[in-house]
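The next block is my_file-v2.pdb, given as PDB, C-alpha atoms, pLDDT in the B column.
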ATOM      1  CA  MET A  31       0.000   0.000   0.000  1.00 52.00           C
ATOM      2  CA  HIS A  32       1.278   3.459  -0.892  1.00 54.00           C
ATOM      3  CA  THR A  33       2.152   5.739   2.028  1.00 58.00           C
ATOM      4  CA  ARG A  34       0.864   9.279   1.774  1.00 63.00           C
ATOM      5  CA  SER A  35       3.240  12.144   2.539  1.00 68.00           C
ATOM      6  CA  TRP A  36       1.762  15.301   4.074  1.00 71.00           C
ATOM      7  CA  ASN A  37       3.290  18.714   3.483  1.00 77.00           C
ATOM      8  CA  ARG A  38       1.649  20.322   6.534  1.00 80.00           C
ATOM      9  CA  CYS A  39       0.455  19.370   9.999  1.00 84.00           C
ATOM     10  CA  LEU A  40      -3.067  17.929   9.922  1.00 83.00           C
ATOM     11  CA  ALA A  41      -4.216  19.830  13.020  1.00 84.00           C
ATOM     12  CA  PHE A  42      -7.117  22.230  12.447  1.00 80.00           C
ATOM     13  CA  ASP A  43      -7.846  25.165  14.760  1.00 74.00           C
ATOM     14  CA  PRO A  44     -11.645  25.421  15.145  1.00 73.00           C
ATOM     15  CA  GLU A  45     -11.403  28.954  16.582  1.00 77.00           C
ATOM     16  CA  THR A  46      -9.573  30.492  13.623  1.00 81.00           C
ATOM     17  CA  GLY A  47     -10.731  28.029  10.983  1.00 81.00           C
ATOM     18  CA  ALA A  48      -7.168  27.554   9.741  1.00 84.00           C
ATOM     19  CA  TRP A  49      -4.884  24.583   9.367  1.00 85.00           C
ATOM     20  CA  CYS A  50      -1.600  24.493  11.241  1.00 85.00           C
ATOM     21  CA  ARG A  51       1.135  25.792   8.945  1.00 81.00           C
ATOM     22  CA  HIS A  52       4.000  23.760  10.432  1.00 83.00           C
ATOM     23  CA  ARG A  53       5.472  20.769   8.645  1.00 83.00           C
ATOM     24  CA  PRO A  54       4.746  17.390  10.226  1.00 83.00           C
ATOM     25  CA  SER A  55       7.712  15.894  11.993  1.00 80.00           C
ATOM     26  CA  ASP A  56       5.945  13.366  14.212  1.00 71.00           C
ATOM     27  CA  GLY A  57       3.664  11.308  11.999  1.00 78.00           C
ATOM     28  CA  VAL A  58       1.006  13.649  10.606  1.00 83.00           C
ATOM     29  CA  PHE A  59       1.396  16.316  13.309  1.00 85.00           C
ATOM     30  CA  CYS A  60       3.957  18.953  14.199  1.00 86.00           C
ATOM     31  CA  PRO A  61       5.632  18.346  17.594  1.00 84.00           C
ATOM     32  CA  SER A  62       3.252  20.531  19.632  1.00 81.00           C
ATOM     33  CA  HIS A  63       0.107  19.026  18.089  1.00 85.00           C
ATOM     34  CA  ALA A  64       1.501  15.502  18.465  1.00 85.00           C
ATOM     35  CA  TRP A  65       2.058  16.211  22.152  1.00 85.00           C
ATOM     36  CA  GLU A  66      -1.515  17.533  22.537  1.00 86.00           C
ATOM     37  CA  PHE A  67      -2.880  14.461  20.749  1.00 86.00           C
ATOM     38  CA  ARG A  68      -0.956  12.097  23.042  1.00 87.00           C
ATOM     39  CA  CYS A  69      -2.184  13.967  26.140  1.00 88.00           C
ATOM     40  CA  ASP A  70      -5.790  13.723  24.944  1.00 89.00           C
ATOM     41  CA  GLU A  71      -5.484  10.034  24.115  1.00 89.00           C
ATOM     42  CA  ALA A  72      -3.782   9.260  27.452  1.00 90.00           C
ATOM     43  CA  ALA A  73      -6.621  10.998  29.302  1.00 91.00           C
ATOM     44  CA  LYS A  74      -9.194   8.999  27.308  1.00 91.00           C
ATOM     45  CA  ALA A  75      -7.331   5.765  28.084  1.00 91.00           C
ATOM     46  CA  ALA A  76      -7.291   6.673  31.789  1.00 91.00           C
ATOM     47  CA  THR A  77     -11.055   7.217  31.673  1.00 92.00           C
ATOM     48  CA  ARG A  78     -11.610   3.840  29.967  1.00 92.00           C
ATOM     49  CA  LEU A  79      -9.358   2.221  32.578  1.00 93.00           C
ATOM     50  CA  ALA A  80     -11.309   3.771  35.464  1.00 93.00           C
ATOM     51  CA  ARG A  81     -14.654   2.688  33.965  1.00 93.00           C
ATOM     52  CA  ALA A  82     -13.408  -0.862  33.414  1.00 93.00           C
ATOM     53  CA  GLU A  83     -12.103  -1.077  36.989  1.00 93.00           C
ATOM     54  CA  ILE A  84     -15.525  -0.044  38.300  1.00 94.00           C
ATOM     55  CA  VAL A  85     -17.068  -2.968  36.425  1.00 93.00           C
ATOM     56  CA  VAL A  86     -14.385  -5.377  37.665  1.00 92.00           C
ATOM     57  CA  ARG A  87     -15.071  -4.389  41.284  1.00 93.00           C
ATOM     58  CA  ASP A  88     -18.866  -4.658  40.922  1.00 93.00           C
ATOM     59  CA  ALA A  89     -20.066  -7.893  42.540  1.00 93.00           C
ATOM     60  CA  SER A  90     -23.281  -7.956  40.499  1.00 95.00           C
ATOM     61  CA  VAL A  91     -21.647  -8.335  37.065  1.00 93.00           C
ATOM     62  CA  THR A  92     -21.520 -11.626  35.211  1.00 94.00           C
ATOM     63  CA  PRO A  93     -18.237 -13.505  34.703  1.00 94.00           C
ATOM     64  CA  TRP A  94     -18.356 -12.564  31.020  1.00 96.00           C
ATOM     65  CA  GLN A  95     -18.697  -8.836  31.867  1.00 94.00           C
ATOM     66  CA  ARG A  96     -15.864  -9.076  34.383  1.00 94.00           C
ATOM     67  CA  TRP A  97     -13.611 -10.852  31.868  1.00 95.00           C
ATOM     68  CA  TRP A  98     -14.365  -8.237  29.202  1.00 95.00           C
ATOM     69  CA  ALA A  99     -13.765  -5.369  31.654  1.00 94.00           C
ATOM     70  CA  GLU A 100     -10.438  -6.901  32.740  1.00 94.00           C
ATOM     71  CA  ARG A 101      -9.404  -7.160  29.094  1.00 95.00           C
ATOM     72  CA  GLN A 102     -10.423  -3.548  28.405  1.00 93.00           C
ATOM     73  CA  ALA A 103      -8.581  -2.398  31.546  1.00 93.00           C
ATOM     74  CA  SER A 104      -5.431  -4.208  30.444  1.00 93.00           C
ATOM     75  CA  ARG A 105      -5.559  -2.627  26.982  1.00 93.00           C
ATOM     76  CA  ALA A 106      -6.252   0.861  28.357  1.00 92.00           C
ATOM     77  CA  ARG A 107      -3.468   0.505  30.934  1.00 91.00           C
ATOM     78  CA  ALA A 108      -0.925  -0.519  28.280  1.00 92.00           C
ATOM     79  CA  LEU A 109      -1.949   2.275  25.903  1.00 90.00           C
ATOM     80  CA  ARG A 110      -1.865   4.877  28.648  1.00 89.00           C
ATOM     81  CA  ARG A 111       1.532   3.711  29.875  1.00 89.00           C
ATOM     82  CA  ALA A 112       2.977   3.981  26.349  1.00 88.00           C
ATOM     83  CA  LEU A 113       1.456   7.398  25.729  1.00 87.00           C
ATOM     84  CA  VAL A 114       2.594   8.832  29.070  1.00 85.00           C
ATOM     85  CA  ALA A 115       6.121   7.557  28.395  1.00 85.00           C
ATOM     86  CA  GLU A 116       6.102   9.298  25.006  1.00 82.00           C
ATOM     87  CA  ILE A 117       4.724  12.481  26.556  1.00 81.00           C
ATOM     88  CA  ASP A 118       7.465  12.474  29.192  1.00 78.00           C
ATOM     89  CA  ASP A 119      10.141  11.849  26.541  1.00 72.00           C
ATOM     90  CA  SER A 120       8.941  14.508  24.100  1.00 61.00           C
ATOM     91  CA  ASP A 121      10.630  17.864  24.199  1.00 53.00           C
ATOM     92  CA  GLY A 122       8.763  19.569  21.374  1.00 47.00           C
ATOM     93  CA  PHE A 123       5.608  20.481  23.220  1.00 49.00           C
ATOM     94  CA  ASP A 124       3.988  23.910  23.471  1.00 47.00           C
ATOM     95  CA  ALA A 125       4.836  25.562  26.796  1.00 42.00           C
ATOM     96  CA  GLY A 126       1.459  27.329  26.787  1.00 42.00           C
ATOM     97  CA  ILE A 127      -0.395  24.067  27.334  1.00 44.00           C
ATOM     98  CA  ALA A 128      -1.165  23.466  30.996  1.00 43.00           C
ATOM     99  CA  VAL A 129      -1.548  19.675  30.765  1.00 43.00           C
ATOM    100  CA  THR A 130       1.444  17.575  31.734  1.00 43.00           C
ATOM    101  CA  ALA A 131       1.866  13.831  31.896  1.00 42.00           C
ATOM    102  CA  GLY A 132       1.948  13.986  35.684  1.00 46.00           C
ATOM    103  CA  ASN A 133      -1.440  15.726  35.801  1.00 47.00           C
ATOM    104  CA  LEU A 134      -3.297  13.099  33.788  1.00 46.00           C
ATOM    105  CA  VAL A 135      -5.695  10.868  35.653  1.00 47.00           C
ATOM    106  CA  ARG A 136      -3.809   8.315  37.724  1.00 46.00           C
ATOM    107  CA  THR A 137      -5.193   5.017  38.931  1.00 44.00           C
ATOM    108  CA  SER A 138      -3.942   2.710  41.606  1.00 47.00           C
ATOM    109  CA  ASP A 139      -3.053   0.110  38.965  1.00 42.00           C
ATOM    110  CA  PHE A 140      -0.910   2.387  36.787  1.00 43.00           C
ATOM    111  CA  ASN A 141       2.387   0.760  37.802  1.00 42.00           C
ATOM    112  CA  ARG A 142       1.348  -2.807  37.027  1.00 43.00           C
TER
END

Structure rendered as structure tokens:
Amino acid sequence: MHTRSWNRCLAFDPETGAWCRHRPSDGVFCPSHAWEFRCDEAAKAATRLARAEIVVRDASVTPWQRWWAERQASRARALRRALVAEIDDSDGFDAGIAVTAGNLVRTSDFNR
């Protein structure tokens, strides 16, 4: 399959209605937009992890629901761990963004 090459970052600013004018250097995003994307995805993964853990701890769920929730929790935990590691390692983020990897939702099972 042919790989497409992008000549600009694919981030779109809904407030101004303009595309980002920087060249992509991290996949399809410029470094600051890649960092924002990873922060957003890590927060979503943390939310999925928390929801799955609620189901796992609920005594009224069926074994099938518990198994599925454990699987979803494992996937969300692995994704979040990878994203947070990339966020911590990245140095091309926008200093104006208040979100940091340490401020993302933490769960008791993060270090598994």

State, in Å with one decimal place, the distance from CA of Ser90 in chain A to CA of Arg110 in chain A. 27.6 Å

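Computed from the coordinates, the CA of Gln102 in chain A to CA of Lys74 in chain A distance equals 12.7 Å.
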
Compile the contact shell of Phe42 in chain A as a PDB file with C-alpha atoms, in the coordinates of the input: residues with an atom at most 12 Å away, counting only C-alpha atoms, same-chain residues fewer than 3 positions apart removed.
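Dumped everything to around-v5.pdb:
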ATOM      1  CA  ARG A  38       1.649  20.322   6.534  1.00 80.00           C
ATOM      2  CA  CYS A  39       0.455  19.370   9.999  1.00 84.00           C
ATOM      3  CA  GLU A  45     -11.403  28.954  16.582  1.00 77.00           C
ATOM      4  CA  THR A  46      -9.573  30.492  13.623  1.00 81.00           C
ATOM      5  CA  GLY A  47     -10.731  28.029  10.983  1.00 81.00           C
ATOM      6  CA  ALA A  48      -7.168  27.554   9.741  1.00 84.00           C
ATOM      7  CA  TRP A  49      -4.884  24.583   9.367  1.00 85.00           C
ATOM      8  CA  CYS A  50      -1.600  24.493  11.241  1.00 85.00           C
ATOM      9  CA  ARG A  51       1.135  25.792   8.945  1.00 81.00           C
ATOM     10  CA  HIS A  52       4.000  23.760  10.432  1.00 83.00           C
ATOM     11  CA  VAL A  58       1.006  13.649  10.606  1.00 83.00           C
ATOM     12  CA  PHE A  59       1.396  16.316  13.309  1.00 85.00           C
ATOM     13  CA  CYS A  60       3.957  18.953  14.199  1.00 86.00           C
ATOM     14  CA  HIS A  63       0.107  19.026  18.089  1.00 85.00           C
TER      15      HIS A  63
END

Suppose you want the space between CA of Arg53 in chain A and CA of Leu40 in chain A; what is it in Å? 9.1 Å

Could you state which residues are captured by the PyMOL selection byres ((chain A and resi 106-109) around 9) in this file, as a short mmCIF file (atom, residue, chain, number, x, y, z; two decimals) with C-alpha atoms, keeping the file's coordinate frame?
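Contents of the output file out15.cif:
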data_model
loop_
_atom_site.label_atom_id
_atom_site.label_comp_id
_atom_site.auth_asym_id
_atom_site.auth_seq_id
_atom_site.Cartn_x
_atom_site.Cartn_y
_atom_site.Cartn_z
CA GLU A 71 -5.48 10.03 24.12
CA ALA A 72 -3.78 9.26 27.45
CA LYS A 74 -9.19 9.00 27.31
CA ALA A 75 -7.33 5.76 28.08
CA ALA A 76 -7.29 6.67 31.79
CA THR A 77 -11.06 7.22 31.67
CA ARG A 78 -11.61 3.84 29.97
CA LEU A 79 -9.36 2.22 32.58
CA ALA A 82 -13.41 -0.86 33.41
CA ARG A 101 -9.40 -7.16 29.09
CA GLN A 102 -10.42 -3.55 28.40
CA ALA A 103 -8.58 -2.40 31.55
CA SER A 104 -5.43 -4.21 30.44
CA ARG A 105 -5.56 -2.63 26.98
CA ARG A 110 -1.86 4.88 28.65
CA ARG A 111 1.53 3.71 29.88
CA ALA A 112 2.98 3.98 26.35
CA LEU A 113 1.46 7.40 25.73
CA VAL A 114 2.59 8.83 29.07
CA ASP A 139 -3.05 0.11 38.97
CA PHE A 140 -0.91 2.39 36.79
CA ARG A 142 1.35 -2.81 37.03
#

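Nearest-residue note for Ser55 in chain A: choosing from A:Asp70, A:Asn37, A:Glu83, A:Asp119, the minimum distance belongs to A:Asn37, counting only C-alpha atoms.
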